[in-house]
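Reading through the structure tokens given below for one structure.
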Amino acid sequence: MFIKLKADHQDETKKTKLLKKIKLIFGYIPEHYQFLADINLSELENYYEEIKKLIKQKNINFDYFTFLRLYIANKKGFDYCINFNTKLLKAKGYHDKEIEEAKNLNFPLIAKENLLAKKTIKAIFKGKNFQEKDLEELYQVGYNDHDIYSSINHGAYLLKNAPIIMAFLKKSNNDFFL
């Protein structure tokens with residue numbers, strides 16, 4: 001459950017339409033999206049646009065991004081994000097063992113996506129060590145600059161947003177938490 005703030009009186013129709021679109025993607029309205037809808041509709045629009053971009057990625061499986069978020073959330077101890085991404089993966093049919101392996105940066109996806117994940121984590125957490133040779137390795141397996149940027153950007157996006165989500169999160173016995 002999230003801490004209740006005074007909601008801005010925003011365009012309720014726009015909010016409702018956006019939440020319906022999000023529900024179509026996830027099958028429900030994730031708690032943090034409802035929270036954003038109540039306090040900052042333009043930020044929720046940014047989240048939605050980010051999801052749409054990931055869905056349209058041609059060279060990267062959409063599930064890759066969920067595994068990437070799960071790995072980063074585990075590394076940083078973002079419990080809400082761990083639970084949210086675990087729930088998404090389980091809903092897609094991934095097993096506990098596959099999800100557990102993701103904590104070791106071993107995603108149950110194609111080899112080149114595991115390479116992309118390793119390079120993305122290197123770029124995010126050890127950016128000084130990310131070199132042109134890392135890009136060359138990714139180019140050799142078929143990724144382009146847009147793919148690489150999308151992966152690094154999305155991982156960094158989690159690092160930006162997870163602390164905000166966690167700041168407003170109120171622990172509860174909500175059935176959301178697995």
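Residues are named by chain letter and number: chains run A, B, ... in the order of the structure tokens, numbers start at 1 in each chain, and ligands are numbered from 1 in the order shown.
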
What are the nearest atom pairs, with distances in Å to one decimal, for all residues of stretch 8-104 of chain A that come at most 12 Å from stretch 124-137 of chain A, using only C-alpha atoms, set out by chain and rising residue number as a Markdown table?
| residue | atom | partner | partner_atom | distance |
| --- | --- | --- | --- | --- |
| A:Leu68 | CA | A:Ile124 | CA | 11.6 |
| A:Ile72 | CA | A:Ile124 | CA | 9.8 |
| A:Lys75 | CA | A:Phe125 | CA | 10.4 |
| A:Lys76 | CA | A:Phe125 | CA | 10.9 |

Mind dumping the selected residues with C-alpha atoms as an mmCIF file, in the first residue's frame?
data_model
loop_
_atom_site.group_PDB
_atom_site.id
_atom_site.type_symbol
_atom_site.label_atom_id
_atom_site.label_comp_id
_atom_site.auth_asym_id
_atom_site.auth_seq_id
_atom_site.Cartn_x
_atom_site.Cartn_y
_atom_site.Cartn_z
ATOM 1 C CA LEU A 68 16.837 -6.809 -16.101
ATOM 2 C CA ILE A 72 18.860 -4.595 -10.575
ATOM 3 C CA LYS A 75 21.209 -5.933 -6.420
ATOM 4 C CA LYS A 76 19.887 -2.726 -4.847
#

Check your understanding: Quick one: residues within 8 Å of stretch 85-91 of chain A, only C-alpha atoms counted, chain neighbours fewer than 5 positions away excluded, as number ranges by chain?
Key -> A: 26, 63, 66-67, 69-70, 96, 99, 178

- Any idea what's packed within 12 Å of A:Tyr71, counting only C-alpha atoms, ignoring anything in its chain fewer than 2 positions away? Could you give it as a ChimeraX atom specification? /A:64-69,73-79,81-83,85-86,99-107,114,117-118,120-121,155,158-159

Check: Per DSSP on the backbone, what are the helix (DSSP H, G or I) residues of stretch 40-165 of chain A, as a PyMOL selection string?
Finding: chain A and resi 41-56+62-76+79-91+96-102+111-125+127-129+132-140+145-165

Could you write out the selected residues, including C-alpha atoms, as an mmCIF file, in the first residue's frame?
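Final output, saved to part-v5.cif:
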data_model
loop_
_atom_site.group_PDB
_atom_site.id
_atom_site.type_symbol
_atom_site.label_atom_id
_atom_site.label_comp_id
_atom_site.auth_asym_id
_atom_site.auth_seq_id
_atom_site.Cartn_x
_atom_site.Cartn_y
_atom_site.Cartn_z
ATOM 1 C CA LEU A 41 -0.271 12.167 -14.197
ATOM 2 C CA SER A 42 2.487 13.431 -16.486
ATOM 3 C CA GLU A 43 4.982 11.090 -14.790
ATOM 4 C CA LEU A 44 2.581 8.204 -15.264
ATOM 5 C CA GLU A 45 2.421 9.129 -18.951
ATOM 6 C CA ASN A 46 6.234 8.879 -19.027
ATOM 7 C CA TYR A 47 6.065 5.389 -17.496
ATOM 8 C CA TYR A 48 3.461 4.342 -20.048
ATOM 9 C CA GLU A 49 5.528 5.691 -22.949
ATOM 10 C CA GLU A 50 8.559 3.797 -21.638
ATOM 11 C CA ILE A 51 6.567 0.556 -21.598
ATOM 12 C CA LYS A 52 5.302 1.168 -25.142
ATOM 13 C CA LYS A 53 8.878 1.693 -26.366
ATOM 14 C CA LEU A 54 9.996 -1.571 -24.789
ATOM 15 C CA ILE A 55 7.107 -3.497 -26.305
ATOM 16 C CA LYS A 56 8.072 -2.187 -29.752
ATOM 17 C CA PHE A 62 10.047 -7.806 -23.847
ATOM 18 C CA ASP A 63 10.638 -10.287 -20.997
ATOM 19 C CA TYR A 64 14.316 -9.318 -21.064
ATOM 20 C CA PHE A 65 13.466 -5.945 -19.551
ATOM 21 C CA THR A 66 11.540 -7.573 -16.698
ATOM 22 C CA PHE A 67 14.507 -9.828 -15.940
ATOM 23 C CA LEU A 68 16.837 -6.809 -16.101
ATOM 24 C CA ARG A 69 14.684 -4.889 -13.622
ATOM 25 C CA LEU A 70 14.519 -7.928 -11.361
ATOM 26 C CA TYR A 71 18.308 -8.284 -11.363
ATOM 27 C CA ILE A 72 18.860 -4.595 -10.575
ATOM 28 C CA ALA A 73 16.126 -4.594 -7.920
ATOM 29 C CA ASN A 74 17.795 -7.579 -6.233
ATOM 30 C CA LYS A 75 21.209 -5.933 -6.420
ATOM 31 C CA LYS A 76 19.887 -2.726 -4.847
ATOM 32 C CA ASP A 79 11.793 -5.162 -2.369
ATOM 33 C CA TYR A 80 8.715 -3.722 -4.035
ATOM 34 C CA CYS A 81 10.371 -3.950 -7.469
ATOM 35 C CA ILE A 82 11.600 -7.479 -6.752
ATOM 36 C CA ASN A 83 8.046 -8.551 -5.937
ATOM 37 C CA PHE A 84 6.480 -6.660 -8.834
ATOM 38 C CA ASN A 85 8.847 -8.090 -11.459
ATOM 39 C CA THR A 86 8.696 -11.583 -9.949
ATOM 40 C CA LYS A 87 4.916 -11.440 -10.181
ATOM 41 C CA LEU A 88 5.126 -10.367 -13.831
ATOM 42 C CA LEU A 89 7.505 -13.213 -14.695
ATOM 43 C CA LYS A 90 5.415 -15.822 -12.897
ATOM 44 C CA ALA A 91 2.333 -14.594 -14.761
ATOM 45 C CA ASP A 96 10.965 -20.144 -9.574
ATOM 46 C CA LYS A 97 14.297 -21.666 -10.617
ATOM 47 C CA GLU A 98 14.482 -19.450 -13.722
ATOM 48 C CA ILE A 99 13.598 -16.404 -11.678
ATOM 49 C CA GLU A 100 16.170 -17.325 -9.024
ATOM 50 C CA GLU A 101 18.864 -17.731 -11.702
ATOM 51 C CA ALA A 102 18.145 -14.197 -12.893
ATOM 52 C CA ALA A 111 22.537 -16.069 -25.235
ATOM 53 C CA LYS A 112 22.834 -12.677 -26.867
ATOM 54 C CA GLU A 113 20.298 -11.251 -24.398
ATOM 55 C CA ASN A 114 22.404 -12.511 -21.510
ATOM 56 C CA LEU A 115 25.391 -10.762 -23.085
ATOM 57 C CA LEU A 116 23.346 -7.580 -23.425
ATOM 58 C CA ALA A 117 22.360 -7.856 -19.758
ATOM 59 C CA LYS A 118 25.976 -8.251 -18.642
ATOM 60 C CA LYS A 119 27.086 -5.269 -20.722
ATOM 61 C CA THR A 120 24.138 -3.202 -19.503
ATOM 62 C CA ILE A 121 24.969 -3.916 -15.873
ATOM 63 C CA LYS A 122 28.597 -3.055 -16.556
ATOM 64 C CA ALA A 123 27.566 0.251 -18.156
ATOM 65 C CA ILE A 124 25.252 1.143 -15.281
ATOM 66 C CA PHE A 125 27.359 0.087 -12.302
ATOM 67 C CA GLY A 127 30.489 2.935 -16.451
ATOM 68 C CA LYS A 128 34.164 3.874 -16.385
ATOM 69 C CA ASN A 129 35.002 0.319 -17.417
ATOM 70 C CA GLU A 132 34.233 0.479 -27.176
ATOM 71 C CA LYS A 133 35.111 -3.234 -27.157
ATOM 72 C CA ASP A 134 31.908 -3.843 -25.153
ATOM 73 C CA LEU A 135 29.907 -2.146 -27.875
ATOM 74 C CA GLU A 136 31.746 -4.139 -30.542
ATOM 75 C CA GLU A 137 30.819 -7.411 -28.828
ATOM 76 C CA LEU A 138 27.178 -6.356 -28.835
ATOM 77 C CA TYR A 139 27.317 -5.273 -32.484
ATOM 78 C CA GLN A 140 28.800 -8.667 -33.384
ATOM 79 C CA ASP A 145 23.018 1.471 -30.887
ATOM 80 C CA HIS A 146 19.272 1.845 -30.347
ATOM 81 C CA ASP A 147 19.036 -1.601 -28.725
ATOM 82 C CA ILE A 148 22.025 -0.965 -26.479
ATOM 83 C CA TYR A 149 20.795 2.479 -25.500
ATOM 84 C CA SER A 150 17.306 1.102 -24.735
ATOM 85 C CA SER A 151 18.720 -1.530 -22.417
ATOM 86 C CA ILE A 152 21.047 0.806 -20.530
ATOM 87 C CA ASN A 153 18.410 3.524 -20.378
ATOM 88 C CA HIS A 154 15.779 1.166 -18.988
ATOM 89 C CA GLY A 155 18.119 -0.170 -16.306
ATOM 90 C CA ALA A 156 19.000 3.381 -15.300
ATOM 91 C CA TYR A 157 15.301 4.270 -15.389
ATOM 92 C CA LEU A 158 14.708 1.712 -12.633
ATOM 93 C CA LEU A 159 17.514 3.207 -10.558
ATOM 94 C CA LYS A 160 15.871 6.612 -10.886
ATOM 95 C CA ASN A 161 12.330 5.504 -10.090
ATOM 96 C CA ALA A 162 12.684 2.693 -7.565
ATOM 97 C CA PRO A 163 13.942 4.941 -4.731
ATOM 98 C CA ILE A 164 10.968 7.252 -5.307
ATOM 99 C CA ILE A 165 8.547 4.323 -5.239
#

Of the residues A:Gln34, A:Gln57, A:Thr16, A:Asn40, which is the one nearest to A:Tyr143, using only C-alpha atoms?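 Residue with the minimum atom-to-atom distance to A:Tyr143: A:Gln57.
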